[in-house]
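Just final_5.csv here, CSV, C-alpha atoms and all ligand atoms:
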chain,number,residue,atom,x,y,z
A,1,MET,CA,19.1,21.3,-19.4
A,2,ALA,CA,18.7,17.5,-19.2
A,3,ASP,CA,19.3,15.9,-22.6
A,4,LYS,CA,16.9,12.9,-22.0
A,5,SER,CA,13.2,13.2,-21.3
A,6,VAL,CA,10.7,10.9,-19.9
A,7,ILE,CA,6.9,11.0,-19.6
A,8,VAL,CA,5.4,9.5,-16.4
A,9,ILE,CA,1.7,8.5,-16.6
A,10,GLY,CA,-0.1,9.1,-13.3
A,11,SER,CA,0.7,11.0,-10.1
A,12,GLY,CA,-0.1,8.3,-7.5
A,13,PHE,CA,2.7,7.2,-5.1
A,14,ALA,CA,4.3,5.0,-7.9
A,15,GLY,CA,4.3,7.8,-10.5
A,16,LEU,CA,5.6,10.4,-8.1
A,17,SER,CA,8.3,8.1,-6.9
A,18,ALA,CA,9.4,7.2,-10.4
A,19,ALA,CA,9.3,10.9,-11.5
A,20,SER,CA,11.6,12.0,-8.6
A,21,PHE,CA,14.1,9.1,-9.2
A,22,MET,CA,14.3,9.9,-12.9
A,23,ALA,CA,14.8,13.6,-12.2
A,24,GLN,CA,17.5,12.8,-9.8
A,25,ALA,CA,19.2,10.7,-12.4
A,26,GLY,CA,19.3,13.7,-14.7
A,27,TRP,CA,16.2,13.2,-16.9
A,28,GLN,CA,13.7,15.9,-17.8
A,29,VAL,CA,10.4,14.6,-16.4
A,30,THR,CA,6.8,15.4,-17.2
A,31,VAL,CA,4.0,13.7,-15.2
A,32,ILE,CA,0.7,13.5,-17.0
A,33,GLU,CA,-2.3,12.9,-14.7
A,34,LYS,CA,-5.9,12.5,-15.8
A,35,ASN,CA,-7.4,13.9,-12.6
A,36,LYS,CA,-7.4,17.6,-11.7
A,37,THR,CA,-5.4,16.9,-8.6
A,38,PRO,CA,-2.4,14.6,-7.7
A,39,GLY,CA,-2.3,11.5,-5.5
A,40,GLY,CA,-4.3,8.9,-7.4
A,41,ARG,CA,-6.0,6.6,-4.9
A,42,ALA,CA,-4.5,8.7,-2.1
A,43,ARG,CA,-5.9,12.0,-3.4
A,44,GLN,CA,-7.9,14.5,-1.4
A,45,LEU,CA,-11.6,15.5,-1.7
A,46,LYS,CA,-12.7,19.0,-0.6
A,47,GLU,CA,-16.4,19.5,-0.5
A,48,ASN,CA,-18.7,21.9,1.4
A,49,GLY,CA,-15.9,22.8,3.8
A,50,PHE,CA,-15.0,19.2,4.5
A,51,THR,CA,-11.7,17.6,3.6
A,52,PHE,CA,-11.4,13.9,3.1
A,53,ASP,CA,-8.5,11.5,2.4
A,54,MET,CA,-10.0,9.5,-0.4
A,55,GLY,CA,-8.1,6.2,0.0
A,56,PRO,CA,-5.4,5.2,2.5
A,57,SER,CA,-5.6,6.0,6.1
A,58,PHE,CA,-3.2,3.5,7.7
A,59,TYR,CA,0.4,4.9,7.6
A,60,TRP,CA,2.3,1.7,8.4
A,61,MET,CA,6.0,0.8,7.8
A,62,PRO,CA,7.4,4.3,8.4
A,63,ASP,CA,10.8,3.0,7.6
A,64,VAL,CA,9.8,2.7,3.9
A,65,PHE,CA,8.9,6.4,3.7
A,66,GLU,CA,12.0,7.4,5.6
A,67,ARG,CA,14.1,5.3,3.2
A,68,TYR,CA,12.4,6.9,0.2
A,69,PHE,CA,13.2,10.5,1.3
A,70,ASP,CA,16.6,9.5,2.4
A,71,ARG,CA,17.5,8.5,-1.2
A,72,PHE,CA,17.2,12.2,-2.0
A,73,GLY,CA,19.2,13.3,1.1
A,74,LYS,CA,16.0,14.3,2.9
A,75,LYS,CA,13.8,13.2,5.8
A,76,THR,CA,10.1,12.8,6.0
A,77,ALA,CA,10.2,15.6,8.6
A,78,ASP,CA,11.4,18.0,5.9
A,79,TYR,CA,8.0,17.5,4.3
A,80,TYR,CA,5.4,16.5,6.9
A,81,SER,CA,5.3,15.7,10.6
A,82,LEU,CA,4.4,12.3,12.0
A,83,ARG,CA,2.7,11.2,15.2
A,84,ARG,CA,2.5,7.6,16.4
A,85,LEU,CA,-1.2,6.9,17.3
A,86,ASP,CA,-2.2,5.3,20.6
A,87,PRO,CA,-4.4,3.3,20.3
A,88,SER,CA,-3.2,2.2,16.9
A,89,TYR,CA,-6.9,1.5,16.0
A,90,ARG,CA,-10.1,0.3,17.5
A,91,ILE,CA,-12.0,-2.9,16.6
A,92,TYR,CA,-15.7,-3.0,17.3
A,93,TRP,CA,-17.1,-6.5,18.0
A,94,ASN,CA,-20.8,-7.2,18.4
A,95,ASP,CA,-20.4,-7.0,22.2
A,96,GLY,CA,-17.9,-4.1,22.7
A,97,TYR,CA,-14.6,-3.0,21.3
A,98,THR,CA,-10.9,-3.5,21.6
A,99,ASP,CA,-8.3,-0.7,21.5
A,100,MET,CA,-5.0,-1.9,20.1
A,101,PRO,CA,-2.3,-0.2,22.2
A,102,ALA,CA,0.8,1.2,20.7
A,103,ALA,CA,3.3,-0.1,23.3
A,104,ILE,CA,4.3,-3.7,22.9
A,105,GLU,CA,4.0,-4.4,26.7
A,106,ALA,CA,0.4,-3.1,26.7
A,107,VAL,CA,-0.4,-5.3,23.7
A,108,LYS,CA,1.0,-8.3,25.5
A,109,LYS,CA,-1.1,-7.4,28.6
A,110,LEU,CA,-4.2,-7.2,26.4
A,111,PHE,CA,-3.4,-10.6,24.8
A,112,GLU,CA,-2.9,-12.2,28.2
A,113,LEU,CA,-6.2,-10.9,29.4
A,114,ILE,CA,-8.0,-12.4,26.4
A,115,GLU,CA,-6.1,-15.7,26.4
A,116,PRO,CA,-3.8,-16.6,29.3
A,117,GLY,CA,-0.3,-17.6,28.0
A,118,SER,CA,-0.7,-15.8,24.7
A,119,ALA,CA,1.7,-12.9,25.6
A,120,ALA,CA,4.7,-15.3,25.3
A,121,LYS,CA,3.3,-16.8,22.2
A,122,LEU,CA,2.9,-13.3,20.7
A,123,GLU,CA,6.5,-12.6,21.4
A,124,LYS,CA,7.6,-15.8,19.6
A,125,TYR,CA,5.2,-15.1,16.7
A,126,LEU,CA,6.6,-11.6,16.3
A,127,ASN,CA,10.2,-12.8,16.3
A,128,GLY,CA,9.4,-15.0,13.3
A,129,ALA,CA,7.5,-12.1,11.7
A,130,ALA,CA,10.5,-9.7,12.3
A,131,TYR,CA,12.6,-12.1,10.3
A,132,LYS,CA,10.1,-12.2,7.5
A,133,TYR,CA,9.8,-8.4,7.5
A,134,GLU,CA,13.5,-7.9,7.3
A,135,ALA,CA,14.1,-10.6,4.7
A,136,GLY,CA,10.9,-9.8,2.7
A,137,MET,CA,11.8,-6.1,2.4
A,138,ASN,CA,15.5,-6.4,1.8
A,139,LYS,CA,15.7,-9.6,-0.3
A,140,LEU,CA,12.4,-9.3,-2.2
A,141,VAL,CA,10.7,-5.9,-2.2
A,142,TYR,CA,13.7,-3.6,-2.5
A,143,LYS,CA,15.2,-5.6,-5.3
A,144,PRO,CA,14.7,-3.8,-8.6
A,145,GLY,CA,13.1,-7.0,-10.1
A,146,ARG,CA,15.1,-6.8,-13.4
A,147,SER,CA,16.1,-10.4,-13.4
A,148,ILE,CA,15.3,-13.6,-11.6
A,149,THR,CA,19.0,-13.9,-10.7
A,150,GLU,CA,18.6,-11.1,-8.2
A,151,PHE,CA,16.8,-13.6,-6.0
A,152,MET,CA,19.3,-16.4,-6.5
A,153,ASP,CA,21.5,-16.0,-3.5
A,154,TRP,CA,21.6,-18.9,-1.1
A,155,SER,CA,20.3,-17.1,1.9
A,156,THR,CA,17.2,-16.1,-0.1
A,157,ILE,CA,16.7,-19.6,-1.5
A,158,GLY,CA,17.4,-21.3,1.9
A,159,GLY,CA,15.2,-18.7,3.6
A,160,VAL,CA,12.1,-19.5,1.4
A,161,PHE,CA,10.9,-22.1,3.9
A,162,LYS,CA,11.5,-19.8,6.8
A,163,LEU,CA,9.5,-17.2,5.0
A,164,GLN,CA,6.6,-19.7,4.8
A,165,VAL,CA,5.4,-18.9,1.4
A,166,PHE,CA,3.7,-22.3,1.1
A,167,SER,CA,1.4,-22.4,4.2
A,168,SER,CA,-1.5,-20.1,4.9
A,169,ILE,CA,-1.4,-17.4,7.5
A,170,LYS,CA,-4.7,-18.6,8.9
A,171,ASP,CA,-3.1,-22.0,9.8
A,172,HIS,CA,0.0,-20.2,11.1
A,173,ILE,CA,-2.0,-17.9,13.4
A,174,ALA,CA,-4.1,-20.9,14.6
A,175,LYS,CA,-0.9,-22.6,15.8
A,176,TYR,CA,-0.2,-19.7,18.2
A,177,PHE,CA,-3.6,-18.4,19.3
A,178,GLN,CA,-6.9,-20.2,20.2
A,179,HIS,CA,-9.2,-17.3,21.1
A,180,PRO,CA,-11.3,-16.1,18.2
A,181,THR,CA,-10.7,-12.5,19.2
A,182,LEU,CA,-6.9,-12.9,19.0
A,183,ARG,CA,-7.2,-14.8,15.8
A,184,ARG,CA,-9.2,-12.0,14.2
A,185,ILE,CA,-6.8,-9.3,15.4
A,186,MET,CA,-3.9,-11.2,13.9
A,187,GLU,CA,-5.8,-12.1,10.7
A,188,PHE,CA,-7.3,-8.7,9.7
A,189,PRO,CA,-4.2,-7.0,8.3
A,190,VAL,CA,-3.9,-9.4,5.4
A,191,LEU,CA,-7.4,-8.4,4.3
A,192,PHE,CA,-5.7,-5.2,3.1
A,193,LEU,CA,-4.0,-7.3,0.5
A,194,GLY,CA,-7.3,-8.2,-1.1
A,195,ALA,CA,-7.5,-11.9,-0.1
A,196,LEU,CA,-8.7,-14.1,2.8
A,197,PRO,CA,-6.3,-15.3,5.4
A,198,GLU,CA,-6.7,-18.9,4.2
A,199,ASP,CA,-5.6,-17.9,0.8
A,200,THR,CA,-2.7,-15.7,1.9
A,201,PRO,CA,0.8,-17.2,2.6
A,202,ALA,CA,2.1,-17.1,6.2
A,203,LEU,CA,4.9,-14.9,4.9
A,204,TYR,CA,2.5,-12.0,5.5
A,205,SER,CA,2.7,-12.3,9.2
A,206,LEU,CA,5.3,-9.6,8.4
A,207,MET,CA,2.2,-7.4,8.3
A,208,ASN,CA,1.6,-8.2,12.0
A,209,TYR,CA,5.1,-7.1,12.6
A,210,ALA,CA,4.4,-3.8,10.7
A,211,ASP,CA,1.2,-3.3,12.7
A,212,ILE,CA,2.2,-4.2,16.2
A,213,LYS,CA,5.9,-3.3,16.3
A,214,GLY,CA,6.0,-0.7,13.5
A,215,GLY,CA,2.8,1.0,14.6
A,216,THR,CA,0.1,3.2,13.0
A,217,TRP,CA,1.2,6.7,12.3
A,218,TYR,CA,-0.6,9.9,11.5
A,219,PRO,CA,0.9,12.4,9.1
A,220,GLU,CA,-0.4,15.8,10.4
A,221,GLY,CA,-3.0,17.1,8.0
A,222,GLY,CA,-3.9,13.6,6.9
A,223,MET,CA,-2.5,11.1,4.4
A,224,TYR,CA,-2.6,13.7,1.7
A,225,SER,CA,0.3,15.4,3.4
A,226,VAL,CA,2.5,12.5,2.1
A,227,VAL,CA,1.3,13.2,-1.5
A,228,ALA,CA,1.9,16.9,-1.0
A,229,GLY,CA,5.4,16.1,0.4
A,230,MET,CA,6.2,13.9,-2.6
A,231,ILE,CA,5.0,16.5,-5.0
A,232,LYS,CA,7.1,19.2,-3.3
A,233,LEU,CA,10.2,17.0,-3.6
A,234,ALA,CA,9.5,16.2,-7.2
A,235,GLN,CA,9.1,19.9,-8.0
A,236,GLU,CA,12.3,20.7,-6.2
A,237,LEU,CA,14.0,18.2,-8.5
A,238,GLY,CA,12.4,20.0,-11.5
A,239,VAL,CA,9.6,17.6,-12.4
A,240,GLN,CA,6.8,19.2,-14.5
A,241,PHE,CA,3.1,18.3,-14.0
A,242,ARG,CA,0.2,18.3,-16.4
A,243,PHE,CA,-3.2,17.7,-14.6
A,244,ASP,CA,-6.6,17.0,-16.1
A,245,GLU,CA,-5.1,15.3,-19.1
A,246,GLU,CA,-5.7,11.7,-19.9
A,247,VAL,CA,-3.3,9.5,-21.7
A,248,ARG,CA,-5.1,7.5,-24.4
A,249,GLU,CA,-2.3,5.7,-26.1
A,250,ILE,CA,1.4,4.9,-25.8
A,251,VAL,CA,2.8,5.0,-29.3
A,252,ILE,CA,5.6,2.6,-30.1
A,253,ARG,CA,8.2,3.3,-32.8
A,254,GLU,CA,11.1,1.0,-33.6
A,255,LYS,CA,10.1,-1.1,-30.6
A,256,GLN,CA,10.4,1.8,-28.2
A,257,ALA,CA,7.8,3.8,-26.3
A,258,LYS,CA,8.5,7.3,-27.5
A,259,THR,CA,5.2,9.2,-27.7
A,260,VAL,CA,2.0,9.4,-25.7
A,261,THR,CA,-1.3,10.6,-27.1
A,262,THR,CA,-3.6,12.4,-24.6
A,263,ASN,CA,-7.1,13.8,-25.0
A,264,LYS,CA,-5.4,17.2,-25.5
A,265,SER,CA,-2.1,16.6,-27.4
A,266,ASN,CA,0.9,14.4,-28.3
A,267,TYR,CA,4.1,14.3,-26.3
A,268,SER,CA,7.4,12.8,-27.4
A,269,ALA,CA,10.1,11.7,-25.0
A,270,ASP,CA,13.0,9.2,-24.8
A,271,ALA,CA,11.1,6.9,-22.5
A,272,VAL,CA,7.6,6.4,-21.0
A,273,ILE,CA,6.9,5.1,-17.5
A,274,SER,CA,3.4,4.2,-16.6
A,275,GLY,CA,2.3,4.5,-13.0
A,276,ALA,CA,-1.3,3.6,-13.9
A,277,ASP,CA,-2.6,0.1,-13.1
A,278,TYR,CA,-0.6,-2.6,-14.9
A,279,HIS,CA,-3.6,-4.3,-16.4
A,280,PHE,CA,-5.0,-0.9,-17.7
A,281,THR,CA,-1.6,0.1,-19.2
A,282,GLU,CA,-1.1,-3.2,-20.9
A,283,THR,CA,-4.6,-3.7,-22.3
A,284,GLN,CA,-5.7,-0.1,-22.9
A,285,LEU,CA,-2.6,2.0,-23.6
A,286,LEU,CA,-0.2,-0.4,-25.3
A,287,PRO,CA,-0.7,-1.6,-28.9
A,288,GLU,CA,-1.6,-5.3,-29.0
A,289,ALA,CA,1.6,-6.4,-30.5
A,290,TYR,CA,3.6,-5.1,-27.5
A,291,ARG,CA,1.6,-6.5,-24.7
A,292,SER,CA,3.3,-9.1,-22.5
A,293,TYR,CA,0.2,-11.1,-21.7
A,294,SER,CA,-2.7,-12.5,-23.7
A,295,PRO,CA,-6.4,-11.9,-23.0
A,296,ALA,CA,-6.5,-15.6,-21.9
A,297,TYR,CA,-3.9,-14.8,-19.2
A,298,TRP,CA,-5.9,-11.9,-17.9
A,299,ASP,CA,-9.1,-13.9,-17.9
A,300,LYS,CA,-7.5,-16.4,-15.5
A,301,ARG,CA,-6.4,-13.7,-13.0
A,302,VAL,CA,-8.4,-12.8,-10.0
A,303,MET,CA,-8.3,-9.1,-9.4
A,304,ALA,CA,-8.4,-7.7,-5.9
A,305,PRO,CA,-12.0,-6.4,-5.4
A,306,SER,CA,-13.0,-2.8,-5.8
A,307,CYS,CA,-14.9,-1.0,-3.1
A,308,LEU,CA,-17.7,1.5,-2.7
A,309,LEU,CA,-16.7,4.4,-0.4
A,310,TYR,CA,-18.9,7.0,1.3
A,311,TYR,CA,-17.4,10.3,2.4
A,312,ILE,CA,-19.6,11.6,5.1
A,313,GLY,CA,-19.5,15.1,6.6
A,314,LEU,CA,-21.4,15.7,9.9
A,315,ASN,CA,-22.7,18.9,11.4
A,316,LYS,CA,-21.4,18.1,14.9
A,317,LYS,CA,-18.4,16.5,16.5
A,318,LEU,CA,-18.9,12.9,17.6
A,319,LYS,CA,-17.4,11.9,21.0
A,320,GLN,CA,-17.4,8.1,20.7
A,321,PRO,CA,-15.6,7.0,17.5
A,322,VAL,CA,-11.8,7.3,17.4
A,323,HIS,CA,-9.7,7.3,14.3
A,324,HIS,CA,-9.2,4.0,12.4
A,325,SER,CA,-12.3,2.2,13.7
A,326,LEU,CA,-12.8,-1.3,12.2
A,327,PHE,CA,-16.2,-2.9,12.5
A,328,PHE,CA,-16.1,-6.7,13.0
A,329,ASP,CA,-19.5,-6.8,14.5
A,330,VAL,CA,-20.8,-9.4,12.1
A,331,SER,CA,-19.3,-12.7,11.1
A,332,PHE,CA,-15.8,-12.2,9.8
A,333,GLU,CA,-16.0,-15.4,7.7
A,334,GLN,CA,-19.3,-14.5,6.1
A,335,HIS,CA,-18.2,-11.0,5.3
A,336,GLY,CA,-14.9,-12.3,3.9
A,337,ASN,CA,-16.5,-15.0,1.8
A,338,GLU,CA,-19.1,-12.6,0.4
A,339,ILE,CA,-16.4,-10.1,-0.6
A,340,TYR,CA,-13.5,-12.2,-1.7
A,341,LYS,CA,-15.1,-15.5,-2.9
B,1,LIG,C1,-10.0,2.9,-0.2
B,1,LIG,C2,-8.6,2.5,-0.1
B,1,LIG,C3,-8.0,2.4,1.1
B,1,LIG,C4,-6.6,2.2,1.2
B,1,LIG,N1,-6.0,2.1,2.4
B,1,LIG,C5,-4.7,2.0,2.5
B,1,LIG,C6,-4.0,2.2,3.8
B,1,LIG,O1,-4.7,2.5,4.8
B,1,LIG,N2,-2.7,2.1,3.8
B,1,LIG,C7,-1.9,1.8,2.7
B,1,LIG,O2,-0.7,1.8,2.8
B,1,LIG,N3,-2.5,1.7,1.5
B,1,LIG,C8,-3.9,1.8,1.4
B,1,LIG,N4,-4.5,1.7,0.1
B,1,LIG,C9,-3.6,1.3,-1.0
B,1,LIG,C10,-2.9,2.6,-1.6
B,1,LIG,O3,-3.8,3.7,-1.5
B,1,LIG,C11,-2.5,2.3,-3.0
B,1,LIG,O4,-1.7,1.1,-3.0
B,1,LIG,C12,-1.7,3.4,-3.6
B,1,LIG,O5,-2.3,4.7,-3.4
B,1,LIG,C13,-1.5,3.1,-5.1
B,1,LIG,O6,-0.6,4.0,-5.7
B,1,LIG,P1,-0.3,3.9,-7.2
B,1,LIG,O7,0.6,5.0,-7.6
B,1,LIG,O8,0.3,2.5,-7.5
B,1,LIG,O9,-1.6,3.9,-8.0
B,1,LIG,P2,-2.8,5.1,-8.1
B,1,LIG,O10,-2.8,5.9,-6.8
B,1,LIG,O11,-4.0,4.5,-8.6
B,1,LIG,O12,-2.1,6.0,-9.2
B,1,LIG,C14,-2.3,5.9,-10.6
B,1,LIG,C15,-2.5,7.3,-11.2
B,1,LIG,O13,-2.5,7.2,-12.6
B,1,LIG,C16,-3.5,8.0,-13.0
B,1,LIG,N5,-3.9,7.5,-14.3
B,1,LIG,C17,-4.5,6.3,-14.6
B,1,LIG,N6,-4.8,6.2,-15.9
B,1,LIG,C18,-4.3,7.4,-16.5
B,1,LIG,C19,-4.3,7.8,-17.8
B,1,LIG,N7,-4.8,7.1,-18.8
B,1,LIG,N8,-3.8,9.1,-18.0
B,1,LIG,C20,-3.3,9.8,-17.0
B,1,LIG,N9,-3.3,9.4,-15.7
B,1,LIG,C21,-3.8,8.2,-15.5
B,1,LIG,C22,-4.6,7.9,-12.0
B,1,LIG,O14,-5.6,9.0,-12.0
B,1,LIG,C23,-3.8,7.9,-10.7
B,1,LIG,O15,-3.6,9.2,-10.3
B,1,LIG,C24,-5.8,1.9,0.0
B,1,LIG,C25,-6.4,2.0,-1.2
B,1,LIG,C26,-7.8,2.3,-1.3
B,1,LIG,C27,-8.4,2.5,-2.7
I need this file expressed as structure tokens, please.
Amino acid sequence: MADKSVIVIGSGFAGLSAASFMAQAGWQVTVIEKNKTPGGRARQLKENGFTFDMGPSFYWMPDVFERYFDRFGKKTADYYSLRRLDPSYRIYWNDGYTDMPAAIEAVKKLFELIEPGSAAKLEKYLNGAAYKYEAGMNKLVYKPGRSITEFMDWSTIGGVFKLQVFSSIKDHIAKYFQHPTLRRIMEFPVLFLGALPEDTPALYSLMNYADIKGGTWYPEGGMYSVVAGMIKLAQELGVQFRFDEEVREIVIREKQAKTVTTNKSNYSADAVISGADYHFTETQLLPEAYRSYSPAYWDKRVMAPSCLLYYIGLNKKLKQPVHHSLFFDVSFEQHGNEIYK
């Protein structure tokens, strides 16, 4: 029996990941989730015989998932099977559509057809993006973030300029490609980050690398298979789950988070980890005296926009649309400005 216990709030990817790592480290872990089912933004909706992934559909950066399961001596294949999609996705314009091929040579051919000379430029662009992906993941994302000193090695500091954190990705792309179609293909992935290309650092060309080189993958059974896999791993490690129970407060005693109050009960533990949104945890669950940021700080922040989703079930199979169809049939700029500005 583990002698230390932790409560994890939320069963999204973050909560599930934290829960498994804590269990692996020997803690007794209980995940408390307000919804009836796990997965958070990636949960599943079953209605009238239809099954929907409620949030994510682009499985990019398969190396990240592989690395995660590897930390537990496992492989993604132990929990779900993956298939690389070809085309990666389809973009509809107002006068037709473009299928983005999986193979790099086919992508180059496509670029060359749209803008002669652009295949060589794409290769150069992706070489820079590969550096950013490698450096961004290993020197920034995978660092635990406990102290600023983690980022103080000379190669990271010296690499900041190469990472292009000070110039926009819109300007960066414009240096390589002239044709509006190519510019849009290269710009759209950063919309996933919740901001416009002109407001996003060129560092994020790493997303083009993830897209074009890394590819779009399909976990058999849908994105929820990833959640199901992470739940299975957590259960194998002994993690306990309580669904349909909402945490209302993190109670602090002697400067330590030791208890959570839910709509059903109180739970004590040696530590509490919140996988709920940071802003929510800080402003709704933590007592005011223990918050890191003031209301004035939050007032100045621009949150990524929310979205309205329709889950539509049809009584027949459509032939035309493929998976991952993106509709850029109206002005990209107008759309972007109306959503993000
Ligand atoms: C529509 C949409 C499309 C997306 N598409 C993609 C994509 O294609 N590819 C991609 O990689 N990413 C995509 N994302 C982003 C991705 O889904 C999220 O980044 C990820 O799921 C967030 O995981 P999380 O664990 O951080 O948060 P969440 O999934 O939000 O998990 C937080 C959990 O905490 C629970 N919780 C909150 N408050 C409480 C409380 N008080 N008590 C108990 N439980 C609580 C919530 O119910 C939830 O289960 C998309 C997101 C959305 C919404």
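Across the model, the gap from CA of Tyr89 (chain A) to CA of Ser325 (chain A) is 5.9 Å.
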Distance in Å - atom C26 of ligand LIG 1 (chain B) versus CA of Asp211 (chain A): 17.6 Å
For a quick check of understanding, using all atoms listed in the file, which of A:Met100, A:Leu110, A:Val165, A:Val227 has the smallest distance to ligand LIG 1 (chain B)? A:Val227
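Minimum atom-to-atom distances from A:Ile252, A:Ala202, A:Ala23, A:Leu82 to Val226 (chain A) were compared using only C-alpha atoms, and the lowest value belongs to A:Leu82.
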Using all atoms listed in the file, which residues of the polymer chains come no farther than 6 Å from ligand LIG 1 (chain B)? I'd like the answer as a PyMOL selection string. chain A and resi 9-15+32-35+39-42+55-59+246-248+275-276
Atoms to include: C-alpha atoms. Write the selected residues as a short mmCIF file (atom, residue, chain, number, x, y, z; two decimals), in the coordinates of the input.
data_model
loop_
_atom_site.label_atom_id
_atom_site.label_comp_id
_atom_site.auth_asym_id
_atom_site.auth_seq_id
_atom_site.Cartn_x
_atom_site.Cartn_y
_atom_site.Cartn_z
CA ILE A 9 1.70 8.50 -16.60
CA GLY A 10 -0.10 9.10 -13.30
CA SER A 11 0.70 11.00 -10.10
CA GLY A 12 -0.10 8.30 -7.50
CA PHE A 13 2.70 7.20 -5.10
CA ALA A 14 4.30 5.00 -7.90
CA GLY A 15 4.30 7.80 -10.50
CA ILE A 32 0.70 13.50 -17.00
CA GLU A 33 -2.30 12.90 -14.70
CA LYS A 34 -5.90 12.50 -15.80
CA ASN A 35 -7.40 13.90 -12.60
CA GLY A 39 -2.30 11.50 -5.50
CA GLY A 40 -4.30 8.90 -7.40
CA ARG A 41 -6.00 6.60 -4.90
CA ALA A 42 -4.50 8.70 -2.10
CA GLY A 55 -8.10 6.20 0.00
CA PRO A 56 -5.40 5.20 2.50
CA SER A 57 -5.60 6.00 6.10
CA PHE A 58 -3.20 3.50 7.70
CA TYR A 59 0.40 4.90 7.60
CA GLU A 246 -5.70 11.70 -19.90
CA VAL A 247 -3.30 9.50 -21.70
CA ARG A 248 -5.10 7.50 -24.40
CA GLY A 275 2.30 4.50 -13.00
CA ALA A 276 -1.30 3.60 -13.90
#
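Within the 9 Å cut-off around Ile273 (chain A), using only C-alpha atoms and omitting residues fewer than 3 positions from it on the same chain, the listed residues are Val6, Ile7, Val8, Ile9, Gly15, Ala18, Ala19 and Ala257 of chain A.
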Expected file: the selected residues, C-alpha atoms, as a PDB file, keeping the file's coordinate frame:
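File produced: selection_36.pdb:
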ATOM      1  CA  VAL A   6      10.700  10.900 -19.900  1.00  0.00           C
ATOM      2  CA  ILE A   7       6.900  11.000 -19.600  1.00  0.00           C
ATOM      3  CA  VAL A   8       5.400   9.500 -16.400  1.00  0.00           C
ATOM      4  CA  ILE A   9       1.700   8.500 -16.600  1.00  0.00           C
ATOM      5  CA  GLY A  15       4.300   7.800 -10.500  1.00  0.00           C
ATOM      6  CA  ALA A  18       9.400   7.200 -10.400  1.00  0.00           C
ATOM      7  CA  ALA A  19       9.300  10.900 -11.500  1.00  0.00           C
ATOM      8  CA  ALA A 257       7.800   3.800 -26.300  1.00  0.00           C
TER       9      ALA A 257
END
